[in-house]
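Undergrad: Structure below; questions to follow.
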Amino acid sequence: MTKQLRGKRISDLDVAQPRCLNMSVKKFRRIAGKRVEETSVHGKWLFTRLRPDDHLLLNLGMAGDLLYHKSDTTLPKKYQLRLTFKDKTQLTATFWWFGYVHLASDKELRKHKMTSKLGISPIDKGFTVEEFATLLSGRRGAIKSFLLDQKNVAGIGNVYVQDILFKARLHPLRMIQTLTEPEMEALYRSIGEVLNLGIGLGGLKYERDLYGRHGEYGPEYYLVAYKTGEPCPECKTAVAKIRTGSTASYICPKCQKP
Ligand SMILES: [Zn+2]
């Protein structure tokens, strides 16, 4: 996004779903005339800096598309937000269920409720094994729910967490306070390996990049995720689907003992 959009000036906008904004459409129109600067990511949120003094915050929710258009020909039938730039190129945001399009000034950004409490992003340089150990120390509860809680670590979803836990040979319901140091280190390494594999492949198969190209991270790369009944890649035991709190988990019952 930074490469493609930086320097463009917003000339017009179309908000098809005012409910996803954090202000009225009238107030939101203040972005018209502003210049797009760099985009960064934190967890499931994208932050695009606008000049002067604004930040466009996007969260695609469960799934969605953020697409760049050189002309009107590729515009999707349905979108919640469309930005038109001065050079006539456009950007559309389409949520499959529900997403957020927020606007915050520099001052408002620090107080922005939904993003100011996000935990560290596991793809950040600051996410070291020491930092991870600090986050876990003194914490109670099951490791899977800890990893999925965006206030602890921002950016791990229910697809990635399955193989992260399998690689570390940890049961999703394993209590944090019982983790040994080698287990914590193994978990730290798995987080990096699984997320970087997904990122390197351009995301999940049903996800698309700015140009509409699909990701390649699909079942052929999964180890145990969504593989009920299939052999564990390590010991050939059949993968089991179990209920863990509000989410489903896929585990090898032999490699991931409770
Ligand atoms: Zn196994």
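Going by the structure tokens order, chains are called A, B, ..., each with residues numbered from 1, while ligands are numbered from 1 in the order shown.
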10 Å from ligand 1 is the threshold here; counting only C-alpha atoms and all ligand atoms, which polymer residues fall inside it? Answer as a VMD selection string.

TA: chain A and resid 166 169 224 231 to 239 251 to 257

Undergrad: Under the rule of at most 10 Å, produce a per-residue listing of stretch 36-62 of chain A near stretch 18-31 of chain A: chain, number, name, the closest pair of atoms, and the distance in Å, as a tab-separated table, using only C-alpha atoms.

TA:
```
residue	atom	partner	partner_atom	distance
A:Val36	CA	A:Ile31	CA	9.7
A:Leu50	CA	A:Ile31	CA	7.9
A:Arg51	CA	A:Ile31	CA	9.1
A:Pro52	CA	A:Ile31	CA	9.3
A:Asp53	CA	A:Ile31	CA	9.9
A:Asp54	CA	A:Ile31	CA	7.8
A:His55	CA	A:Ile31	CA	9.2
A:Leu56	CA	A:Ile31	CA	8.6
A:Leu57	CA	A:Leu21	CA	9.8
A:Leu58	CA	A:Cys20	CA	9.7
A:Asn59	CA	A:Cys20	CA	9.7
```

Undergrad: Would you return as a count of residues only the members of stretch 13-157 of chain A that DSSP assigns to strand (DSSP E or B) on this structure's backbone?

TA: 50

Undergrad: Skip stretch 109-117 of chain A itself and residues of its chain fewer than 4 positions away, then list as a list in words all residues within 8 Å of it, counting only C-alpha atoms.

TA: Trp45, His55, Ala104, Ser105 and Lys151 of chain A

Undergrad: Since we have the selection now, will you write its residues out, keeping all heavy atoms, as a short mmCIF file (atom, residue, chain, number, x, y, z; two decimals), in the first residue's frame?

TA:
```cif
data_model
loop_
_atom_site.label_atom_id
_atom_site.label_comp_id
_atom_site.auth_asym_id
_atom_site.auth_seq_id
_atom_site.Cartn_x
_atom_site.Cartn_y
_atom_site.Cartn_z
N TRP A 45 -5.28 -4.45 12.08
CA TRP A 45 -5.55 -3.07 11.68
C TRP A 45 -4.48 -2.53 10.74
O TRP A 45 -3.29 -2.78 10.93
CB TRP A 45 -5.60 -2.16 12.90
CG TRP A 45 -6.83 -2.30 13.72
CD1 TRP A 45 -7.05 -3.23 14.71
CD2 TRP A 45 -8.03 -1.52 13.64
NE1 TRP A 45 -8.31 -3.06 15.23
CE2 TRP A 45 -8.93 -2.01 14.60
CE3 TRP A 45 -8.42 -0.43 12.84
CZ2 TRP A 45 -10.21 -1.47 14.79
CZ3 TRP A 45 -9.68 0.11 13.04
CH2 TRP A 45 -10.57 -0.41 13.99
N HIS A 55 -5.21 9.95 10.29
CA HIS A 55 -4.85 8.54 10.09
C HIS A 55 -6.12 7.81 9.69
O HIS A 55 -7.14 7.92 10.37
CB HIS A 55 -4.31 7.92 11.37
CG HIS A 55 -3.08 8.61 11.88
ND1 HIS A 55 -1.81 8.20 11.57
CD2 HIS A 55 -2.94 9.73 12.62
CE1 HIS A 55 -0.94 9.02 12.13
NE2 HIS A 55 -1.59 9.96 12.78
N ALA A 104 -8.73 9.14 12.60
CA ALA A 104 -8.24 9.71 13.86
C ALA A 104 -7.11 10.67 13.59
O ALA A 104 -6.20 10.37 12.80
CB ALA A 104 -7.75 8.59 14.78
N SER A 105 -7.14 11.81 14.23
CA SER A 105 -6.03 12.76 14.12
C SER A 105 -4.88 12.21 14.97
O SER A 105 -5.06 11.23 15.70
CB SER A 105 -6.46 14.13 14.65
OG SER A 105 -6.74 14.02 16.03
N LYS A 151 -5.13 -8.42 22.70
CA LYS A 151 -4.51 -7.52 23.69
C LYS A 151 -3.15 -8.07 24.16
O LYS A 151 -2.32 -7.33 24.65
CB LYS A 151 -5.44 -7.34 24.90
CG LYS A 151 -6.68 -6.51 24.57
CD LYS A 151 -7.39 -5.99 25.81
CE LYS A 151 -8.16 -7.05 26.57
NZ LYS A 151 -9.27 -7.66 25.79
#
```

Undergrad: Using only C-alpha atoms for the distances, tell me which of A:Asp124, A:Glu131, A:Glu207, A:Glu37 is nearest to A:Thr94.

TA: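 Nearest candidate to A:Thr94 out of A:Asp124, A:Glu131, A:Glu207, A:Glu37: A:Glu207.
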
Undergrad: Using only C-alpha atoms, pick whichever of A:Tyr79, A:Tyr217, A:Tyr188, A:Tyr226 has the shortest atom-to-atom distance to A:Glu130.

TA: A:Tyr188

Undergrad: Have a look at atom CA of A:Pro258 and atom CA of A:Leu173 and let me know their distance in Å, one decimal.

TA: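 Between atom CA of A:Pro258 and atom CA of A:Leu173 the gap is 6.6 Å.
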
Undergrad: Have a look at A:Pro219, A:Gly203, A:Gly157, A:Gly245 and name the one nearest to A:Pro172; count only C-alpha atoms.

TA: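 Checking each of A:Pro219, A:Gly203, A:Gly157, A:Gly245 against A:Pro172, counting only C-alpha atoms, the winner is A:Gly245.
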
Undergrad: With a distance cut-off of 12 Å and only C-alpha atoms, select the neighbouring residues of A:Ile156, excluding the residue or stretch itself and same-chain residues fewer than 3 positions from it, and output the selection as JSON, numbers by chain.

TA: {"A": [42, 43, 44, 118, 119, 120, 121, 122, 123, 144, 145, 146, 147, 148, 149, 150, 151, 152, 153, 159, 160, 161, 162, 163, 164, 165, 190, 191, 192, 194, 195, 196, 198]}

Undergrad: Can I get the selection written as an mmCIF file, in the first residue's frame, with C-alpha atoms?

TA:
```cif
data_model
loop_
_atom_site.group_PDB
_atom_site.id
_atom_site.type_symbol
_atom_site.label_atom_id
_atom_site.label_comp_id
_atom_site.auth_asym_id
_atom_site.auth_seq_id
_atom_site.Cartn_x
_atom_site.Cartn_y
_atom_site.Cartn_z
ATOM 1 C CA HIS A 42 -0.667 -3.697 13.722
ATOM 2 C CA GLY A 43 -2.575 -6.900 14.318
ATOM 3 C CA LYS A 44 -5.667 -6.846 12.120
ATOM 4 C CA LEU A 118 -3.484 -3.964 21.013
ATOM 5 C CA GLY A 119 -0.644 -6.196 22.129
ATOM 6 C CA ILE A 120 2.715 -6.475 20.386
ATOM 7 C CA SER A 121 2.690 -7.691 16.813
ATOM 8 C CA PRO A 122 4.577 -10.994 16.476
ATOM 9 C CA ILE A 123 6.124 -9.819 13.202
ATOM 10 C CA LYS A 144 -4.554 -20.946 22.918
ATOM 11 C CA SER A 145 -6.895 -18.260 24.236
ATOM 12 C CA PHE A 146 -3.862 -16.230 25.320
ATOM 13 C CA LEU A 147 -2.449 -16.322 21.795
ATOM 14 C CA LEU A 148 -5.764 -15.380 20.190
ATOM 15 C CA ASP A 149 -6.412 -12.443 22.535
ATOM 16 C CA GLN A 150 -5.334 -9.415 20.495
ATOM 17 C CA LYS A 151 -4.509 -7.522 23.692
ATOM 18 C CA ASN A 152 -1.646 -9.977 24.362
ATOM 19 C CA VAL A 153 -0.292 -10.591 20.891
ATOM 20 C CA VAL A 159 -6.133 -20.652 11.184
ATOM 21 C CA TYR A 160 -2.502 -19.940 12.079
ATOM 22 C CA VAL A 161 -2.764 -20.825 15.768
ATOM 23 C CA GLN A 162 -3.522 -24.501 15.009
ATOM 24 C CA ASP A 163 -0.169 -25.215 13.391
ATOM 25 C CA ILE A 164 1.667 -22.866 15.765
ATOM 26 C CA LEU A 165 0.567 -25.058 18.691
ATOM 27 C CA SER A 190 6.623 -21.677 15.866
ATOM 28 C CA ILE A 191 4.816 -18.333 15.896
ATOM 29 C CA GLY A 192 7.509 -16.817 13.694
ATOM 30 C CA VAL A 194 4.018 -20.248 10.768
ATOM 31 C CA LEU A 195 3.256 -16.542 10.339
ATOM 32 C CA ASN A 196 6.220 -15.972 8.043
ATOM 33 C CA GLY A 198 1.769 -17.460 5.486
#
```

Undergrad: Give me, as a Markdown table, the closest atom pair and its distance (Å, one decimal) for every residue of stretch 187-247 of chain A within a cut-off of 9 Å of stretch 68-74 of chain A, counting only C-alpha atoms, rows sorted by chain and rising number.

TA:
```
| residue | atom | partner | partner_atom | distance |
| --- | --- | --- | --- | --- |
| A:Leu210 | CA | A:Tyr68 | CA | 5.4 |
| A:Tyr211 | CA | A:Tyr68 | CA | 5.8 |
| A:Gly212 | CA | A:Tyr68 | CA | 8.1 |
```

Undergrad: Per DSSP on the backbone, what are the alpha helix (DSSP H) residues of stretch 3-69 of chain A, as a list in words?

TA: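 Answer for stretch 3-69 of chain A restricted to alpha helix (DSSP H) is Lys3, Gln4, Leu5, Val25, Lys26, Lys27 and Phe28 of chain A.
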
Undergrad: Give me, please, the distance in Å between atom CA of A:Tyr100 and atom CA of A:Ser40, quoted to one decimal.

TA: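 Calculated distance between atom CA of A:Tyr100 and atom CA of A:Ser40 is 16.0 Å.
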
Undergrad: Looking at A:Thr128, A:Thr178, A:Thr247, A:Thr2, which one is nearest to A:Gly141, with distances taken over only C-alpha atoms?

TA: A:Thr178

Undergrad: Could you please determine the separation between atom CA of A:Gln177 and atom CA of A:Arg139 in Å, to one decimal place?

TA: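 According to the coordinates, atom CA of A:Gln177 and atom CA of A:Arg139 are separated by 6.6 Å.
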
Undergrad: Fewer than 5 positions away in the same chain doesn't count, so skip those; otherwise give me all residues within 8 Å of A:Phe85, counting only C-alpha atoms, as number ranges by chain.

TA: A: 8-12, 90
